[in-house]
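**Q** Sharing a structure below in C-alpha cells format, with a few things to ask.
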Amino acid sequence: MARPVQYNLSGENNVKLVTEGPEGHSGEGFFATSLDKVVGLARKNSIWPLPFATSCCGIEFMATMGSHYDFARFGAERVGFSPRQCDLLMVMGTIAKKMGPVVKQVYLQMAEPRWVLAMGACASSGGIFDSYSVLQGIDQIIPVDVYIPGCPPRPEAVLDGFMKIQDLVGKESLRRRNGDRYKELMGSYGIQ
Amino acid sequence: MTLTNETIKQRLIEKFEGQVVNFDEPYGMLTFEAPKELNLKVLQYLYDDNELKFRFLTDLQAVHYPHQEGRELAVVYHLHNLVDNVRIRFKVFTNILQPDIFTATNLFAAANWMERETYDYFGVNFKGHPNLIRILNVEEMDYFPMRKEFPLEEQTRVDKDDEMFGRS
C-alpha cells in the first residue's frame with residue numbers, strides 16, 4: 001500500500017493515495033469489482049513517464065525524480081526513454097516551432113493508451129516567449145491531458161499534476177479510446 | 001610596424017579610387033562602405049594584400065533600415081587580421097526589392113552558414129551560394145522575421161490581450 005503523503009496538506013487528511021480500494025463486493029477470501037476499476041488501478045500506479053525536457057522545467061523535474069521528492073512513490077519509478085514503452089509524455093520546457101514535428105512524432109510513436117502532461121508556462125502556452133520562433137503551447141500539435149502552471153513549477157506542483165494524471169488514468173473507461181469523441185479529438189489534430 | 005586604420009583607409013582609397021566611402025571609426029573600429037557590386041573585390045583585396053591580411057571572417061549579418069529608400073538592407077562583414085590583431089567592419093547596402101549580393105563563400109568557407117542565416121532572417125539573396133535555404137527557422141516560414149515590417153510577437157496567439165502585454 002502506498003504510504004501517506006499528507007504532511008504538506010494542512011488540515012487535509014484524506015489524501016488520494018491512502019484511500020482504500022475501489023468499490024466492490026468483498027467476502028471471506030474474495031473481492032469482486034469491475035474490470036475497468038482493476039485495470040485503472042493497475043495503470044495509474046505503474047505509469048511509465050517519458051520526459052521530454054528542453055529547459056529549466058526539466059531541471060525541476062530532475063529534482064522531482066530525486067530522493068527528496070521521490071517521484072517513484074507514485075509508481076513512476078521507471079522513466080523510459082523510448083516512446084514505445086511509455087504511457088505518459090511529459091513535455092517540459094519551451095518547444096520551438098522547429099521542435100514541434102519532433103514532439104508530434106514522439107507522441108505518435110507511443111502506444112495507446114497514452115497521456116500527455118504539459119509542464120510549465122512554455123509548454124502550456126509559449127510562456128514569455130511570445131516570438132515568431134516558439135510554438136505557442138504544445139496543444140497546438142498534440143492533445144494535452146494536464147497542464148502544470150508555473151515558470152518553472154516547483155516539484156510539488158509537478159507531483160500534483162502527476163496525481164491529476166493518475167486520477168484521469170484510474171477513472172478512464174476501457175472503451176474511451178474507441179469512442180467517437182476520442183476519434184474526433186485525434187482527427188482534429190490530424191492523427192489517425 | 002603596426003597596421004593602423006589610417007593605412008587601411010589610404011590603401012582602400014588608392015585601390016578603389018573613391019568608390020569605398022563613408023569611413024568612420026566608432027569606438028576605434030574602422031568602418032566603411034562600398035557599392036554592392038564591389039563587395040567581393042574589396043574582400044578579395046583585403047584578403048590577398050600582404051600588408052592588410054584580413055583573412056578571417058568574424059561575422060556576417062544584415063541590418064534593415066526601412067526609412068532609407070533604395071538602400072534598405074545593409075550587409076555587414078566583420079573582418080579580422082589575426083596577425084596584427086586589427087578588426088574592421090565593411091558594409092554594402094542594397095535595395096530591398098532586389099536584395100542580390102554576391103556570395104563570399106568562395107573566399108571564406110565560414111560565410112556559408114552565416115549567409116544562410118542572413119537569408120533566413122532578412123531575405124538577402126546571396127548569388128552563387130551553394131545551398132541558400134533556411135538554417136534556423138522552420139522551412140514552412142513564408143516571411144523574413146527580422147525585417148521591421150513584421151512584428152516580433154507570434155501572431156497566431158489569441159489568448160493575450162495586446163494592451164495588457166505591451167504588444168503593438
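Residues are referred to by chain and number: the chain letter is A, B, ... according to the order shown in the C-alpha cells, the number counts from 1 in that chain, and ligands are numbered separately from 1 in the order shown.
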Show me, as JSON, numbers by chain, the residues of chain A whose atoms get within 7 Å of chain B, using only C-alpha atoms for the distance check.
**A** {"A": [97, 98, 130, 131, 132, 133, 136]}
**Q** Please list as a ChimeraX atom specification every residue within 6 Å of B:Ala74, counting only C-alpha atoms and excluding residues in the same chain fewer than 2 positions away.
**A** /B:62-63,92-93
**Q** Looking at A:Pro155, A:Gly137, A:Pro83, A:Pro49, which one is nearest to A:Tyr107, with distances taken over only C-alpha atoms?
**A**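 Counting only C-alpha atoms, the residue closest to A:Tyr107 is A:Pro83.
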**Q** Please list as a PDB file with C-alpha atoms, in the first residue's frame every residue within 12 Å of B:Lys148, counting only C-alpha atoms and excluding residues in the same chain fewer than 3 positions away.
**A**
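New file around-v4.pdb:
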ATOM      1  CA  VAL B  63      20.522  45.309 -40.834  1.00  0.00           C
ATOM      2  CA  HIS B  64      17.193  46.593 -42.037  1.00  0.00           C
ATOM      3  CA  TYR B  65      16.780  50.374 -42.323  1.00  0.00           C
ATOM      4  CA  PRO B  66      13.193  50.747 -43.519  1.00  0.00           C
ATOM      5  CA  HIS B  67      13.455  54.522 -43.958  1.00  0.00           C
ATOM      6  CA  GLU B  72      17.139  49.469 -47.017  1.00  0.00           C
ATOM      7  CA  LEU B  73      19.287  46.422 -46.339  1.00  0.00           C
ATOM      8  CA  ILE B  96      15.105  45.606 -50.529  1.00  0.00           C
ATOM      9  CA  TYR B 121      16.169  36.421 -41.285  1.00  0.00           C
ATOM     10  CA  PHE B 122      16.448  39.240 -43.826  1.00  0.00           C
ATOM     11  CA  TYR B 143       8.488  35.641 -44.421  1.00  0.00           C
ATOM     12  CA  PHE B 144      11.762  37.076 -43.122  1.00  0.00           C
ATOM     13  CA  PRO B 145      11.156  37.700 -39.424  1.00  0.00           C
ATOM     14  CA  PRO B 151       6.049  42.222 -35.553  1.00  0.00           C
ATOM     15  CA  LEU B 152       8.262  40.211 -33.244  1.00  0.00           C
TER      16      LEU B 152
END
**Q** Using the chain letters and numbers from this document, which residues of stretch 4-156 of chain A does DSSP assign to strand (DSSP E or B), as a PyMOL selection string?
**A** chain A and resi 25-27+30-32+49-53+88-92+96+115-119+134+146-148
**Q** Hey, can you spit out that residue selection with N, CA and C atoms as a PDB file, in the first residue's frame?
**A**
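result.pdb written:
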ATOM      1  N   HIS A  25     -17.653  -5.864  -4.122  1.00  0.00           N
ATOM      2  CA  HIS A  25     -18.187  -6.773  -3.108  1.00  0.00           C
ATOM      3  C   HIS A  25     -17.055  -7.607  -2.555  1.00  0.00           C
ATOM      4  N   SER A  26     -16.977  -7.612  -1.257  1.00  0.00           N
ATOM      5  CA  SER A  26     -15.936  -8.444  -0.674  1.00  0.00           C
ATOM      6  C   SER A  26     -16.562  -9.411   0.314  1.00  0.00           C
ATOM      7  N   GLY A  27     -15.948 -10.515   0.430  1.00  0.00           N
ATOM      8  CA  GLY A  27     -16.368 -11.520   1.397  1.00  0.00           C
ATOM      9  C   GLY A  27     -15.148 -12.225   1.905  1.00  0.00           C
ATOM     10  N   PHE A  30     -12.445 -13.208  -0.909  1.00  0.00           N
ATOM     11  CA  PHE A  30     -12.586 -12.730  -2.284  1.00  0.00           C
ATOM     12  C   PHE A  30     -12.984 -11.270  -2.302  1.00  0.00           C
ATOM     13  N   PHE A  31     -12.730 -10.683  -3.434  1.00  0.00           N
ATOM     14  CA  PHE A  31     -13.140  -9.292  -3.651  1.00  0.00           C
ATOM     15  C   PHE A  31     -13.531  -9.166  -5.114  1.00  0.00           C
ATOM     16  N   ALA A  32     -14.731  -8.694  -5.367  1.00  0.00           N
ATOM     17  CA  ALA A  32     -15.200  -8.602  -6.750  1.00  0.00           C
ATOM     18  C   ALA A  32     -15.480  -7.159  -7.102  1.00  0.00           C
ATOM     19  N   PRO A  49       6.688   7.291 -17.298  1.00  0.00           N
ATOM     20  CA  PRO A  49       6.762   8.606 -17.941  1.00  0.00           C
ATOM     21  C   PRO A  49       7.899   8.677 -18.965  1.00  0.00           C
ATOM     22  N   LEU A  50       7.655   9.454 -19.998  1.00  0.00           N
ATOM     23  CA  LEU A  50       8.707   9.752 -20.980  1.00  0.00           C
ATOM     24  C   LEU A  50       9.028  11.230 -20.837  1.00  0.00           C
ATOM     25  N   PRO A  51      10.145  11.585 -20.226  1.00  0.00           N
ATOM     26  CA  PRO A  51      10.440  13.011 -20.055  1.00  0.00           C
ATOM     27  C   PRO A  51      10.945  13.624 -21.357  1.00  0.00           C
ATOM     28  N   PHE A  52      10.238  14.629 -21.814  1.00  0.00           N
ATOM     29  CA  PHE A  52      10.690  15.408 -22.979  1.00  0.00           C
ATOM     30  C   PHE A  52      11.089  16.769 -22.430  1.00  0.00           C
ATOM     31  N   ALA A  53      12.297  16.844 -21.917  1.00  0.00           N
ATOM     32  CA  ALA A  53      12.717  18.039 -21.188  1.00  0.00           C
ATOM     33  C   ALA A  53      13.628  18.877 -22.047  1.00  0.00           C
ATOM     34  N   LEU A  88       3.082   7.994 -20.531  1.00  0.00           N
ATOM     35  CA  LEU A  88       2.854   9.398 -20.241  1.00  0.00           C
ATOM     36  C   LEU A  88       3.969  10.235 -20.843  1.00  0.00           C
ATOM     37  N   LEU A  89       3.600  11.141 -21.753  1.00  0.00           N
ATOM     38  CA  LEU A  89       4.577  12.062 -22.330  1.00  0.00           C
ATOM     39  C   LEU A  89       4.588  13.322 -21.483  1.00  0.00           C
ATOM     40  N   MET A  90       5.727  13.590 -20.859  1.00  0.00           N
ATOM     41  CA  MET A  90       5.837  14.807 -20.044  1.00  0.00           C
ATOM     42  C   MET A  90       6.652  15.827 -20.827  1.00  0.00           C
ATOM     43  N   VAL A  91       5.983  16.833 -21.361  1.00  0.00           N
ATOM     44  CA  VAL A  91       6.678  17.863 -22.128  1.00  0.00           C
ATOM     45  C   VAL A  91       7.025  18.996 -21.177  1.00  0.00           C
ATOM     46  N   MET A  92       8.322  19.221 -21.005  1.00  0.00           N
ATOM     47  CA  MET A  92       8.761  20.193 -20.009  1.00  0.00           C
ATOM     48  C   MET A  92       9.712  21.166 -20.654  1.00  0.00           C
ATOM     49  N   ALA A  96      10.277  24.992 -29.474  1.00  0.00           N
ATOM     50  CA  ALA A  96      10.389  25.860 -30.647  1.00  0.00           C
ATOM     51  C   ALA A  96       9.578  25.246 -31.786  1.00  0.00           C
ATOM     52  N   TRP A 115      -0.995   9.341 -22.404  1.00  0.00           N
ATOM     53  CA  TRP A 115      -1.417  10.603 -21.803  1.00  0.00           C
ATOM     54  C   TRP A 115      -0.308  11.624 -21.987  1.00  0.00           C
ATOM     55  N   VAL A 116      -0.705  12.899 -21.936  1.00  0.00           N
ATOM     56  CA  VAL A 116       0.278  13.967 -22.121  1.00  0.00           C
ATOM     57  C   VAL A 116       0.149  14.979 -21.000  1.00  0.00           C
ATOM     58  N   LEU A 117       1.293  15.365 -20.467  1.00  0.00           N
ATOM     59  CA  LEU A 117       1.324  16.368 -19.415  1.00  0.00           C
ATOM     60  C   LEU A 117       2.199  17.521 -19.911  1.00  0.00           C
ATOM     61  N   ALA A 118       1.651  18.725 -19.894  1.00  0.00           N
ATOM     62  CA  ALA A 118       2.423  19.906 -20.283  1.00  0.00           C
ATOM     63  C   ALA A 118       2.869  20.610 -19.026  1.00  0.00           C
ATOM     64  N   MET A 119       4.181  20.647 -18.819  1.00  0.00           N
ATOM     65  CA  MET A 119       4.682  21.256 -17.586  1.00  0.00           C
ATOM     66  C   MET A 119       5.208  22.657 -17.872  1.00  0.00           C
ATOM     67  N   VAL A 134       8.657  30.357 -31.541  1.00  0.00           N
ATOM     68  CA  VAL A 134       8.267  29.441 -30.471  1.00  0.00           C
ATOM     69  C   VAL A 134       6.816  29.007 -30.631  1.00  0.00           C
ATOM     70  N   VAL A 146      -3.129  17.229 -18.896  1.00  0.00           N
ATOM     71  CA  VAL A 146      -2.979  18.064 -17.705  1.00  0.00           C
ATOM     72  C   VAL A 146      -1.928  19.134 -17.980  1.00  0.00           C
ATOM     73  N   TYR A 147      -2.241  20.359 -17.566  1.00  0.00           N
ATOM     74  CA  TYR A 147      -1.286  21.462 -17.659  1.00  0.00           C
ATOM     75  C   TYR A 147      -0.816  21.795 -16.244  1.00  0.00           C
ATOM     76  N   ILE A 148       0.487  21.972 -16.081  1.00  0.00           N
ATOM     77  CA  ILE A 148       1.005  22.416 -14.789  1.00  0.00           C
ATOM     78  C   ILE A 148       1.442  23.870 -14.942  1.00  0.00           C
TER      79      ILE A 148
END
**Q** Contacts of B:Glu6 at 12 Å or less, counting only C-alpha atoms, minus same-chain residues fewer than 6 places along, as a CSV table (one decimal) with N, CA, C and O atoms, in the first residue's frame?
**A**
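The result, written out as selection_17.csv:
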chain,number,residue,atom,x,y,z
B,12,LEU,N,42.7,51.5,-49.3
B,12,LEU,CA,41.4,51.3,-50.0
B,12,LEU,C,41.1,52.4,-50.9
B,12,LEU,O,40.6,52.2,-52.0
B,13,ILE,N,41.3,53.6,-50.5
B,13,ILE,CA,41.0,54.8,-51.4
B,13,ILE,C,41.9,54.7,-52.6
B,13,ILE,O,41.4,55.0,-53.7
B,23,PHE,N,33.9,56.5,-44.5
B,23,PHE,CA,34.8,56.0,-43.4
B,23,PHE,C,34.5,56.5,-42.1
B,23,PHE,O,34.2,57.7,-41.9
B,24,ASP,N,34.5,55.7,-41.1
B,24,ASP,CA,34.1,56.1,-39.7
B,24,ASP,C,34.9,55.2,-38.7
B,24,ASP,O,35.4,54.2,-39.1
B,25,GLU,N,35.1,55.7,-37.5
B,25,GLU,CA,35.8,54.9,-36.5
B,25,GLU,C,35.0,54.8,-35.2
B,25,GLU,O,35.5,55.3,-34.2
B,28,GLY,N,36.8,53.2,-32.2
B,28,GLY,CA,38.1,52.8,-32.8
B,28,GLY,C,38.1,51.8,-33.8
B,28,GLY,O,39.2,51.3,-34.3
B,29,MET,N,37.0,51.3,-34.2
B,29,MET,CA,36.9,50.2,-35.2
B,29,MET,C,36.6,50.8,-36.6
B,29,MET,O,35.5,51.4,-36.8
B,30,LEU,N,37.5,50.7,-37.5
B,30,LEU,CA,37.3,51.2,-38.8
B,30,LEU,C,36.1,50.6,-39.6
B,30,LEU,O,36.0,49.4,-39.7
B,31,THR,N,35.3,51.5,-40.0
B,31,THR,CA,34.0,51.1,-40.7
B,31,THR,C,33.9,51.8,-42.0
B,31,THR,O,34.2,53.0,-42.1
B,52,LEU,N,47.7,44.0,-45.5
B,52,LEU,CA,46.4,44.1,-44.9
B,52,LEU,C,46.0,42.8,-44.2
B,52,LEU,O,45.6,42.7,-43.1
B,88,ILE,N,38.0,45.2,-38.7
B,88,ILE,CA,37.3,46.2,-39.4
B,88,ILE,C,35.9,45.8,-39.7
B,88,ILE,O,35.6,44.6,-39.6
